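Pasting my_file32.cif here (mmCIF, C-alpha atoms and all ligand atoms):
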data_upload
#
loop_
_atom_site.label_atom_id
_atom_site.label_comp_id
_atom_site.auth_asym_id
_atom_site.auth_seq_id
_atom_site.Cartn_x
_atom_site.Cartn_y
_atom_site.Cartn_z
CA GLU A 1 -12.75 8.84 -41.79
CA LYS A 2 -13.94 10.13 -38.46
CA GLY A 3 -16.87 7.75 -38.17
CA ASN A 4 -19.05 8.73 -35.25
CA TYR A 5 -16.40 10.92 -33.66
CA PRO A 6 -16.59 14.72 -33.89
CA HIS A 7 -12.81 14.97 -34.27
CA PHE A 8 -9.96 12.81 -35.44
CA MET A 9 -8.23 13.45 -32.14
CA LEU A 10 -11.03 11.80 -30.18
CA LYS A 11 -11.17 8.92 -32.65
CA GLU A 12 -7.42 8.41 -32.34
CA ILE A 13 -7.58 8.58 -28.54
CA PHE A 14 -10.22 5.85 -28.58
CA GLU A 15 -8.22 3.71 -31.01
CA GLN A 16 -5.42 3.26 -28.52
CA PRO A 17 -6.40 -0.15 -27.10
CA GLU A 18 -6.19 -1.49 -30.67
CA THR A 19 -3.12 0.46 -31.73
CA ILE A 20 -1.23 -0.81 -28.70
CA GLU A 21 -2.35 -4.33 -29.58
CA ASN A 22 -1.05 -3.77 -33.10
CA ALA A 23 2.25 -2.46 -31.76
CA ILE A 24 2.85 -5.61 -29.70
CA ARG A 25 1.20 -8.25 -31.88
CA GLY A 26 3.63 -10.92 -33.02
CA ARG A 27 6.42 -9.22 -31.12
CA ILE A 28 6.41 -11.29 -27.95
CA ASN A 29 8.14 -14.58 -27.27
CA TYR A 30 6.10 -15.91 -24.35
CA GLU A 31 8.29 -18.91 -23.78
CA MET A 32 11.43 -16.85 -23.28
CA GLY A 33 9.78 -13.76 -21.77
CA THR A 34 11.30 -11.50 -24.38
CA ALA A 35 10.47 -9.40 -27.43
CA ILE A 36 10.88 -10.25 -31.10
CA LEU A 37 11.82 -7.13 -33.05
CA ASN A 38 13.34 -8.33 -36.29
CA GLY A 39 13.36 -4.87 -37.83
CA LEU A 40 15.72 -3.70 -35.14
CA GLY A 41 18.26 -5.49 -37.26
CA PHE A 42 20.85 -6.59 -34.72
CA SER A 43 22.23 -10.02 -33.98
CA PRO A 44 22.18 -11.08 -30.30
CA CYS A 45 25.93 -10.50 -30.29
CA GLU A 46 25.58 -6.94 -31.60
CA LEU A 47 22.77 -6.30 -29.13
CA ALA A 48 25.05 -7.38 -26.31
CA GLN A 49 27.68 -4.89 -27.41
CA ILE A 50 25.45 -1.85 -27.12
CA SER A 51 26.80 0.11 -24.19
CA ARG A 52 24.98 3.40 -24.58
CA ILE A 53 21.71 4.60 -26.09
CA VAL A 54 21.03 8.07 -27.42
CA ILE A 55 17.48 8.94 -28.36
CA ALA A 56 16.93 11.88 -30.73
CA ALA A 57 13.44 13.27 -31.32
CA CYS A 58 11.17 16.32 -31.07
CA GLY A 59 7.92 17.16 -29.30
CA SER A 60 5.76 14.25 -28.20
CA SER A 61 8.21 11.78 -29.72
CA MET A 62 10.91 13.24 -27.48
CA HIS A 63 8.63 12.77 -24.48
CA ALA A 64 8.18 9.11 -25.45
CA GLY A 65 11.98 8.90 -25.55
CA MET A 66 12.17 10.43 -22.07
CA VAL A 67 9.85 7.72 -20.75
CA ALA A 68 12.07 5.13 -22.43
CA GLU A 69 15.15 6.49 -20.68
CA TYR A 70 13.71 4.92 -17.52
CA TYR A 71 13.04 1.68 -19.37
CA PHE A 72 16.50 1.27 -20.88
CA GLU A 73 18.30 2.13 -17.66
CA ASP A 74 16.05 0.27 -15.26
CA ILE A 75 15.16 -2.82 -17.31
CA ALA A 76 18.24 -3.21 -19.50
CA GLY A 77 20.89 -1.42 -17.45
CA ILE A 78 22.07 0.63 -20.42
CA SER A 79 23.04 4.25 -19.89
CA THR A 80 20.64 6.35 -21.96
CA SER A 81 20.25 10.00 -22.84
CA VAL A 82 17.53 11.83 -24.71
CA GLU A 83 18.39 14.68 -27.02
CA GLN A 84 16.19 17.26 -28.61
CA ALA A 85 17.02 16.37 -32.23
CA ALA A 86 18.08 19.91 -33.17
CA GLU A 87 20.48 20.01 -30.26
CA PHE A 88 21.93 16.63 -31.15
CA ARG A 89 22.59 17.80 -34.64
CA TYR A 90 24.27 21.10 -33.82
CA ARG A 91 26.25 20.19 -30.76
CA ASN A 92 28.74 17.91 -32.45
CA PRO A 93 27.77 15.09 -30.09
CA ILE A 94 30.23 12.50 -28.88
CA ILE A 95 29.26 9.11 -30.22
CA GLU A 96 31.35 6.44 -28.58
CA PRO A 97 31.75 3.02 -30.22
CA ASN A 98 28.80 0.71 -29.51
CA THR A 99 26.35 3.56 -29.13
CA LEU A 100 22.85 2.89 -30.41
CA VAL A 101 21.06 5.99 -31.70
CA ILE A 102 17.28 5.70 -31.76
CA PRO A 103 15.55 8.43 -33.74
CA ILE A 104 11.85 8.56 -32.91
CA SER A 105 9.41 10.18 -35.33
CA GLN A 106 5.77 9.50 -36.05
CA SER A 107 5.93 11.10 -39.51
CA GLY A 108 9.52 10.15 -40.26
CA GLU A 109 9.81 13.57 -41.92
CA THR A 110 10.76 15.94 -39.10
CA ALA A 111 13.68 18.01 -40.42
CA ASP A 112 15.70 18.10 -37.21
CA THR A 113 15.28 14.38 -36.60
CA ILE A 114 16.33 13.61 -40.19
CA ALA A 115 19.44 15.72 -39.62
CA ALA A 116 20.12 13.84 -36.38
CA VAL A 117 19.94 10.55 -38.30
CA ARG A 118 22.48 11.85 -40.83
CA GLU A 119 24.77 13.01 -38.03
CA ALA A 120 24.56 9.58 -36.37
CA VAL A 121 25.16 7.74 -39.67
CA GLY A 122 28.16 9.99 -40.32
CA LYS A 123 29.61 9.16 -36.92
CA GLY A 124 29.23 5.42 -37.41
CA ALA A 125 26.67 4.76 -34.68
CA TYR A 126 24.32 1.84 -34.70
CA ILE A 127 20.95 3.25 -35.69
CA SER A 128 17.49 1.83 -35.37
CA ALA A 129 14.55 4.15 -36.00
CA LEU A 130 11.06 4.19 -34.56
CA CYS A 131 8.59 5.51 -37.12
CA ASN A 132 4.92 5.22 -37.85
CA VAL A 133 4.86 6.21 -41.51
CA VAL A 134 6.16 3.32 -43.59
CA GLY A 135 8.81 4.26 -46.12
CA SER A 136 9.29 7.74 -44.63
CA THR A 137 12.63 9.52 -44.95
CA ILE A 138 13.83 8.57 -41.47
CA ALA A 139 12.75 4.95 -41.88
CA ARG A 140 14.65 4.76 -45.18
CA GLU A 141 17.78 6.59 -44.12
CA ALA A 142 18.12 4.75 -40.83
CA GLY A 143 17.89 1.50 -42.77
CA ARG A 144 16.64 -0.46 -39.82
CA GLY A 145 14.07 0.05 -37.16
CA VAL A 146 10.64 -0.80 -35.85
CA TYR A 147 7.33 0.43 -37.19
CA LEU A 148 4.52 1.39 -34.84
CA HIS A 149 1.64 0.07 -36.97
CA ALA A 150 -0.62 2.71 -35.40
CA GLY A 151 -2.30 3.57 -38.70
CA PRO A 152 -2.45 7.12 -40.07
CA GLU A 153 -2.52 9.79 -37.38
CA ILE A 154 -4.57 12.68 -38.79
CA SER A 155 -4.99 14.94 -35.79
CA VAL A 156 -2.05 17.32 -35.47
CA ALA A 157 -1.80 16.54 -31.76
CA SER A 158 -0.12 13.18 -31.40
CA THR A 159 -2.00 10.64 -29.29
CA LYS A 160 -1.97 7.07 -30.53
CA ALA A 161 1.51 7.45 -32.04
CA PHE A 162 2.85 8.53 -28.65
CA SER A 163 1.39 5.57 -26.80
CA SER A 164 2.60 3.15 -29.47
CA GLN A 165 6.07 4.65 -29.27
CA VAL A 166 6.12 4.06 -25.53
CA ALA A 167 4.86 0.48 -25.97
CA VAL A 168 7.46 -0.36 -28.63
CA LEU A 169 10.25 1.24 -26.60
CA LEU A 170 9.23 -0.94 -23.68
CA LEU A 171 9.52 -3.98 -25.95
CA MET A 172 12.99 -2.81 -27.02
CA ALA A 173 14.02 -2.46 -23.38
CA LEU A 174 12.65 -5.93 -22.68
CA LEU A 175 14.68 -7.39 -25.55
CA LEU A 176 17.86 -5.60 -24.48
CA GLY A 177 17.19 -6.52 -20.86
CA ARG A 178 16.76 -10.22 -21.64
CA ASN A 179 19.92 -10.02 -23.67
CA ARG A 180 21.62 -8.91 -20.44
CA ARG A 181 20.61 -8.93 -16.80
CA LEU A 182 16.86 -9.52 -16.87
CA SER A 183 15.88 -13.06 -15.88
CA ARG A 184 13.35 -15.10 -17.79
CA SER A 185 10.82 -14.85 -15.00
CA GLU A 186 11.26 -11.08 -14.80
CA GLY A 187 10.84 -10.94 -18.57
CA CYS A 188 7.65 -13.01 -18.37
CA GLU A 189 6.32 -10.70 -15.67
CA LEU A 190 6.96 -7.66 -17.85
CA VAL A 191 5.25 -9.38 -20.79
CA ARG A 192 2.16 -9.91 -18.62
CA GLU A 193 2.16 -6.24 -17.68
CA ILE A 194 2.54 -5.11 -21.29
CA GLU A 195 -0.32 -7.33 -22.34
CA GLN A 196 -2.65 -5.73 -19.79
CA THR A 197 -2.11 -2.28 -21.28
CA PRO A 198 -5.01 -2.27 -23.79
CA GLU A 199 -7.39 -3.26 -20.98
CA LEU A 200 -6.04 -0.53 -18.70
CA ILE A 201 -6.54 2.01 -21.46
CA ARG A 202 -10.09 0.76 -22.04
CA SER A 203 -10.88 1.38 -18.42
CA VAL A 204 -9.67 4.99 -18.74
CA LEU A 205 -11.69 5.49 -21.93
CA ALA A 206 -14.76 4.20 -20.10
CA GLN A 207 -14.39 7.21 -17.80
CA ALA A 208 -14.47 9.74 -20.63
CA GLU A 209 -17.67 11.34 -19.34
CA GLU A 210 -16.26 11.76 -15.83
CA ILE A 211 -13.09 13.27 -17.24
CA ARG A 212 -15.22 15.55 -19.38
CA ALA A 213 -17.10 16.73 -16.28
CA ILE A 214 -13.81 17.53 -14.54
CA ALA A 215 -12.46 19.30 -17.64
CA LYS A 216 -15.59 21.45 -17.74
CA ARG A 217 -14.84 22.75 -14.27
CA TYR A 218 -11.31 23.74 -15.29
CA ALA A 219 -11.96 25.09 -18.78
CA GLY A 220 -12.00 28.68 -17.57
CA PHE A 221 -8.44 28.65 -16.21
CA ASP A 222 -5.58 30.07 -18.28
CA ASP A 223 -2.51 28.56 -16.62
CA PHE A 224 -1.88 24.98 -15.61
CA PHE A 225 1.00 23.09 -14.06
CA TYR A 226 1.52 19.37 -14.55
CA ILE A 227 3.81 17.58 -12.13
CA GLY A 228 5.14 14.04 -11.95
CA ARG A 229 8.10 11.94 -10.88
CA GLY A 230 9.93 8.99 -12.44
CA CYS A 231 8.29 7.81 -15.67
CA LEU A 232 5.43 10.15 -14.87
CA TYR A 233 7.68 13.18 -15.18
CA PRO A 234 7.83 12.98 -19.00
CA THR A 235 4.16 11.99 -18.85
CA ALA A 236 3.50 15.36 -17.17
CA LEU A 237 5.43 17.12 -19.94
CA GLU A 238 3.33 15.32 -22.54
CA GLY A 239 0.07 16.15 -20.76
CA ALA A 240 0.99 19.84 -20.63
CA LEU A 241 1.99 19.83 -24.30
CA LYS A 242 -1.38 18.34 -25.31
CA LEU A 243 -3.27 21.01 -23.41
CA LYS A 244 -1.34 23.95 -24.81
CA GLU A 245 -1.38 22.63 -28.37
CA ILE A 246 -5.08 22.21 -28.79
CA SER A 247 -6.69 24.54 -26.27
CA TYR A 248 -4.24 27.48 -26.44
CA VAL A 249 -4.06 27.44 -22.67
CA HIS A 250 -0.72 28.00 -21.01
CA ALA A 251 0.44 24.77 -19.42
CA GLU A 252 3.82 23.78 -18.05
CA GLY A 253 5.08 20.36 -17.17
CA TYR A 254 7.58 20.09 -14.35
CA HIS A 255 9.34 17.47 -12.38
CA ALA A 256 7.52 17.68 -9.06
CA ALA A 257 10.81 18.30 -7.25
CA GLU A 258 11.41 21.39 -9.40
CA LEU A 259 8.34 23.17 -8.05
CA LYS A 260 10.30 24.46 -5.09
CA HIS A 261 13.06 25.73 -7.35
CA GLY A 262 10.97 28.48 -8.88
CA PRO A 263 7.53 27.80 -10.28
CA ILE A 264 5.88 27.54 -6.88
CA SER A 265 6.12 31.32 -6.67
CA LEU A 266 3.37 31.49 -9.29
CA LEU A 267 0.92 29.23 -7.55
CA ASP A 268 -2.38 30.63 -6.32
CA GLU A 269 -6.07 29.90 -6.81
CA ARG A 270 -5.75 30.73 -10.54
CA HIS A 271 -3.16 28.04 -11.25
CA PRO A 272 -4.55 24.50 -11.21
CA VAL A 273 -2.03 21.71 -10.78
CA LEU A 274 -2.41 18.30 -12.42
CA ALA A 275 -0.55 15.98 -10.08
CA LEU A 276 0.34 12.49 -11.29
CA ALA A 277 0.07 10.58 -8.03
CA ASN A 278 -0.25 6.98 -9.21
CA ASP A 279 0.85 4.34 -6.76
CA ILE A 280 4.38 3.91 -8.06
CA PRO A 281 7.69 4.86 -6.41
CA GLY A 282 7.57 8.59 -5.71
CA ARG A 283 3.88 8.71 -4.77
CA ASP A 284 4.54 9.67 -1.17
CA LYS A 285 6.69 12.58 -2.28
CA ILE A 286 4.00 13.73 -4.71
CA LEU A 287 1.56 13.79 -1.77
CA GLY A 288 3.91 16.26 -0.11
CA ASN A 289 4.00 18.33 -3.30
CA ILE A 290 0.22 18.32 -3.47
CA GLN A 291 0.08 19.70 0.07
CA GLU A 292 2.51 22.45 -0.92
CA CYS A 293 0.24 23.39 -3.82
CA ARG A 294 -2.86 23.33 -1.62
CA ALA A 295 -1.16 25.58 0.91
CA ARG A 296 -0.93 28.17 -1.91
CA ARG A 297 -4.63 27.63 -2.66
CA ALA A 298 -3.91 26.09 -6.08
CA PRO A 299 -6.73 23.75 -7.19
CA VAL A 300 -5.35 20.23 -7.59
CA VAL A 301 -6.54 17.54 -9.99
CA ALA A 302 -4.81 14.22 -9.39
CA VAL A 303 -4.39 11.09 -11.42
CA ALA A 304 -4.24 8.29 -8.86
CA THR A 305 -4.53 4.55 -8.47
CA ALA A 306 -8.10 3.31 -8.01
CA GLY A 307 -9.07 3.26 -4.35
CA ASP A 308 -6.42 5.75 -3.19
CA ARG A 309 -8.51 7.61 -0.62
CA GLU A 310 -5.50 9.52 0.66
CA VAL A 311 -5.04 11.26 -2.69
CA GLU A 312 -8.78 11.71 -3.03
CA ASN A 313 -8.99 13.48 0.32
CA LEU A 314 -6.10 15.77 -0.51
CA THR A 315 -7.31 16.97 -3.90
CA ASP A 316 -10.25 18.71 -5.55
CA ASP A 317 -10.73 16.16 -8.31
CA VAL A 318 -9.27 12.75 -9.07
CA ILE A 319 -9.09 10.60 -12.17
CA PHE A 320 -8.63 7.01 -11.04
CA ILE A 321 -6.59 4.49 -12.99
CA PRO A 322 -6.39 0.77 -12.25
CA HIS A 323 -3.28 -0.37 -10.45
CA CYS A 324 -0.32 -0.97 -12.77
CA SER A 325 3.47 -1.07 -12.51
CA ARG A 326 5.67 1.98 -12.82
CA PHE A 327 6.65 1.01 -16.36
CA ILE A 328 3.08 0.78 -17.61
CA ALA A 329 1.68 3.75 -15.66
CA PRO A 330 2.61 6.37 -18.30
CA LEU A 331 0.26 4.76 -20.83
CA PRO A 332 -3.16 4.89 -19.11
CA THR A 333 -2.14 8.16 -17.42
CA THR A 334 -1.37 9.75 -20.77
CA VAL A 335 -4.76 8.67 -22.11
CA ALA A 336 -6.47 10.38 -19.16
CA LEU A 337 -4.49 13.56 -19.85
CA GLN A 338 -5.30 13.41 -23.57
CA LEU A 339 -9.01 13.27 -22.73
CA PHE A 340 -8.65 16.10 -20.22
CA ALA A 341 -6.93 18.31 -22.84
CA TYR A 342 -9.44 17.34 -25.51
CA TYR A 343 -12.49 18.22 -23.41
CA ILE A 344 -10.99 21.52 -22.27
CA ALA A 345 -10.42 22.41 -25.94
CA VAL A 346 -14.03 21.42 -26.73
CA GLU A 347 -15.30 23.62 -23.91
CA ARG A 348 -13.24 26.52 -25.18
CA GLY A 349 -14.52 26.06 -28.72
CA CYS A 350 -11.12 25.33 -30.24
CA GLU A 351 -10.51 23.71 -33.60
CA ILE A 352 -8.75 20.65 -32.17
CA ASP A 353 -7.65 18.67 -35.23
CA GLN A 354 -5.88 21.61 -36.88
CA PRO A 355 -4.63 23.97 -34.16
CA ARG A 356 -3.47 27.35 -35.40
CA ASN A 357 0.24 27.73 -36.18
CA LEU A 358 0.93 23.99 -36.11
CA ALA A 359 1.75 21.51 -38.86
CA LYS A 360 1.54 17.75 -38.59
CA SER A 361 5.13 17.35 -39.58
CA VAL A 362 7.73 20.02 -39.13
CA THR A 363 9.77 19.70 -42.29
CA VAL A 364 11.69 22.94 -41.85
CA GLU A 365 14.01 23.82 -38.98
C1 LIG A 401 2.64 16.95 -30.38
C2 LIG A 401 3.13 16.82 -31.74
C3 LIG A 401 4.51 17.27 -32.07
C4 LIG A 401 5.27 16.12 -32.71
C5 LIG A 401 6.66 16.57 -33.19
C6 LIG A 401 7.48 15.44 -33.74
O1 LIG A 401 1.34 16.51 -30.26
O2 LIG A 401 2.43 16.32 -32.58
O3 LIG A 401 5.18 17.73 -30.93
O4 LIG A 401 5.38 15.08 -31.78
O5 LIG A 401 6.50 17.56 -34.16
O6 LIG A 401 6.86 14.86 -34.85
P1 LIG A 401 7.33 13.47 -35.41
O7 LIG A 401 7.06 12.45 -34.38
O8 LIG A 401 6.52 13.25 -36.66
O9 LIG A 401 8.80 13.59 -35.70
#
The structure given in the file should be rewritten as structure tokens.
Ligand code: F6R
Amino acid sequence: EKGNYPHFMLKEIFEQPETIENAIRGRINYEMGTAILNGLGFSPCELAQISRIVIAACGSSMHAGMVAEYYFEDIAGISTSVEQAAEFRYRNPIIEPNTLVIPISQSGETADTIAAVREAVGKGAYISALCNVVGSTIAREAGRGVYLHAGPEISVASTKAFSSQVAVLLLMALLLGRNRRLSRSEGCELVREIEQTPELIRSVLAQAEEIRAIAKRYAGFDDFFYIGRGCLYPTALEGALKLKEISYVHAEGYHAAELKHGPISLLDERHPVLALANDIPGRDKILGNIQECRARRAPVVAVATAGDREVENLTDDVIFIPHCSRFIAPLPTTVALQLFAYYIAVERGCEIDQPRNLAKSVTVE
């Protein structure tokens, strides 16, 4: 039930400190600075053989996969690609030996992702699925995998499932990394960062009223751009998806470097830009992008690291997030963007939990 919350979406946004705790509970080996993911189902020897990862998913789950691409390559040194599940299924993909296919699906019932699982099984890949719904079709057909333990997600717009997916994928990367090049002390450092995530998210939730006040000022706009770099590029895509899903406002997520390759022609005072300017590699370049947007009179709302006066001085509004590493940054940043989308939808009088034209799980192609 919704309890004191007006919508399931808001309740689920606020559950995230606990759902992340549930996603990591019992899954960390502190001594060795690694993750324990028994469901993954591979022996250390098999894990060591994995030479490529292909992630297949749709929508928000695909965005979680795109964040994980950075994790698997950076932390574990394994070449990774993310496929829209429908594309994976119809393109006759090349699955080399020792490829691990990771289907990601909250519901475990998304038709295209199920088909991708069957394609991967047929081609003899290693498969390990990431699902929330226990006993769902994808969980069963993949045979092995990791559950999110996020509890039922009722709101059509995915929030807590997304953040749990990102957290579990980070644990997977940690495990694969420790199985390869990541040292114990680096593993322990990453464990410490992962453990801080619920607290970081709490500090964003504590700013809900400030985010609401910002959202109020932007609720009258009809077109938004979201820009980011690195792990915050898929985070920008996810933020834009949340806004368009529940508030019926046009929003596009872009890699910040892509602005100059087309979309900047649209920018003017009617096109606010949400710039993800956290203090991680790429921040300085985002500052340049913000200036380019300002020069076209586009209002800019930034997400930045607490105390970043430079970003504050460059932008119209800022949502501050405590300092965190580049791997963790997508999580609190996403929560801020979820709240921003939610409050814009509230201002616009939208339905929120059941947006028109959308179903919680897309069981047809
Ligand atoms: C976005 C959203 C959808 C789902 C997508 C995949 O908020 O809810 O984009 O993420 O339909 O669903 P699952 O994860 O159930 O396969």
Wanna dump the chain A-ligand LIG 401 (chain A) contacts at 6 Å for me, each residue with its shortest atom pair and the distance in Å to one decimal, counting all atoms listed in the file, ordered by chain and number, as CSV?
residue,atom,partner,partner_atom,distance
A:Cys58,CA,A:LIG401,C6,4.6
A:Gly59,CA,A:LIG401,O3,3.2
A:Ser60,CA,A:LIG401,O4,3.7
A:Ser61,CA,A:LIG401,O4,4.8
A:Ser105,CA,A:LIG401,O7,3.4
A:Gln106,CA,A:LIG401,O7,3.6
A:Ser107,CA,A:LIG401,O8,3.6
A:Gly108,CA,A:LIG401,O8,5.6
A:Thr110,CA,A:LIG401,O9,4.6
A:Val156,CA,A:LIG401,O2,5.4
A:Ala157,CA,A:LIG401,O1,3.5
A:Ser158,CA,A:LIG401,O1,3.8
A:Lys242,CA,A:LIG401,O1,5.9
A:Ser361,CA,A:LIG401,O8,5.2
A:Val362,CA,A:LIG401,O5,5.7
Within 9 Å of A:Gly124 using all atoms listed in the file, minus same-chain residues under 5 positions, as a PyMOL selection string
chain A and resi 95+97+99+119
Of the listed residues A:Glu269, A:Glu252, A:Glu153, A:Asp317, that which approaches A:Leu10 most closely, counting only C-alpha atoms:
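Smallest distance to A:Leu10 is found for A:Glu153.
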Counting only C-alpha atoms, the option among A:Gly3, A:Gly349, A:Gly33, A:Pro330 closest to A:Ile201
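Using only C-alpha atoms, the shortest distance to A:Ile201 belongs to A:Pro330.
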What gap, in Å, lies between atom CA of A:Ile227 and atom CA of A:Val335?
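According to the coordinates, atom CA of A:Ile227 and atom CA of A:Val335 are separated by 15.9 Å.
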Rank A:Gly228, A:Pro103, A:Gly282, A:Gly220 by their smallest atom-to-atom distance to A:Val146, using all atoms listed in the file, and report the top residue only.
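Once distances to A:Val146 are computed over all atoms listed in the file, the minimum belongs to A:Pro103.
Counting from atom CA of A:Pro44, the distance to atom CA of A:Asn98 is 13.5 Å.
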Taking (12.2, -6.6, -34.3) in the file's coordinates as the center, which residues reach within 12 Å of it, counting only C-alpha atoms, put as a PyMOL selection string?
chain A and resi 23-29+34-44+47+128-130+144-148+168-169+171-176
Taking into account only C-alpha atoms, which residue in the set A:Ile94, A:Ile50, A:Ala167, A:Ala256 is nearest to A:Gln291?
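The shortest atom-to-atom distance to A:Gln291 comes from A:Ala256.
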Go ahead and compute the interatomic distance for atom CA of A:Glu292 and atom CA of A:Tyr233, in Å to one decimal.
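According to the coordinates, atom CA of A:Glu292 and atom CA of A:Tyr233 are separated by 17.8 Å.
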Taking into account only C-alpha atoms, which residue in the set A:Ala336, A:Cys131, A:Ala257, A:Val249 is nearest to A:Gly230?
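Ranking A:Ala336, A:Cys131, A:Ala257, A:Val249 by distance to A:Gly230, first place goes to A:Ala257.
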Taking only C-alpha atoms into account, which of A:Ile102, A:Ala86, A:Ala76, A:Ala304 comes nearest A:Leu232?
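Checking each candidate against A:Leu232, we get A:Ala304 as the closest.
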Show which residues sit within 8 Å of A:Val117, as an MDAnalysis selection string. Count only C-alpha atoms, and ignore same-chain residues fewer than 4 positions away.
chainID A and resid 103 113 121 127 138 141:142
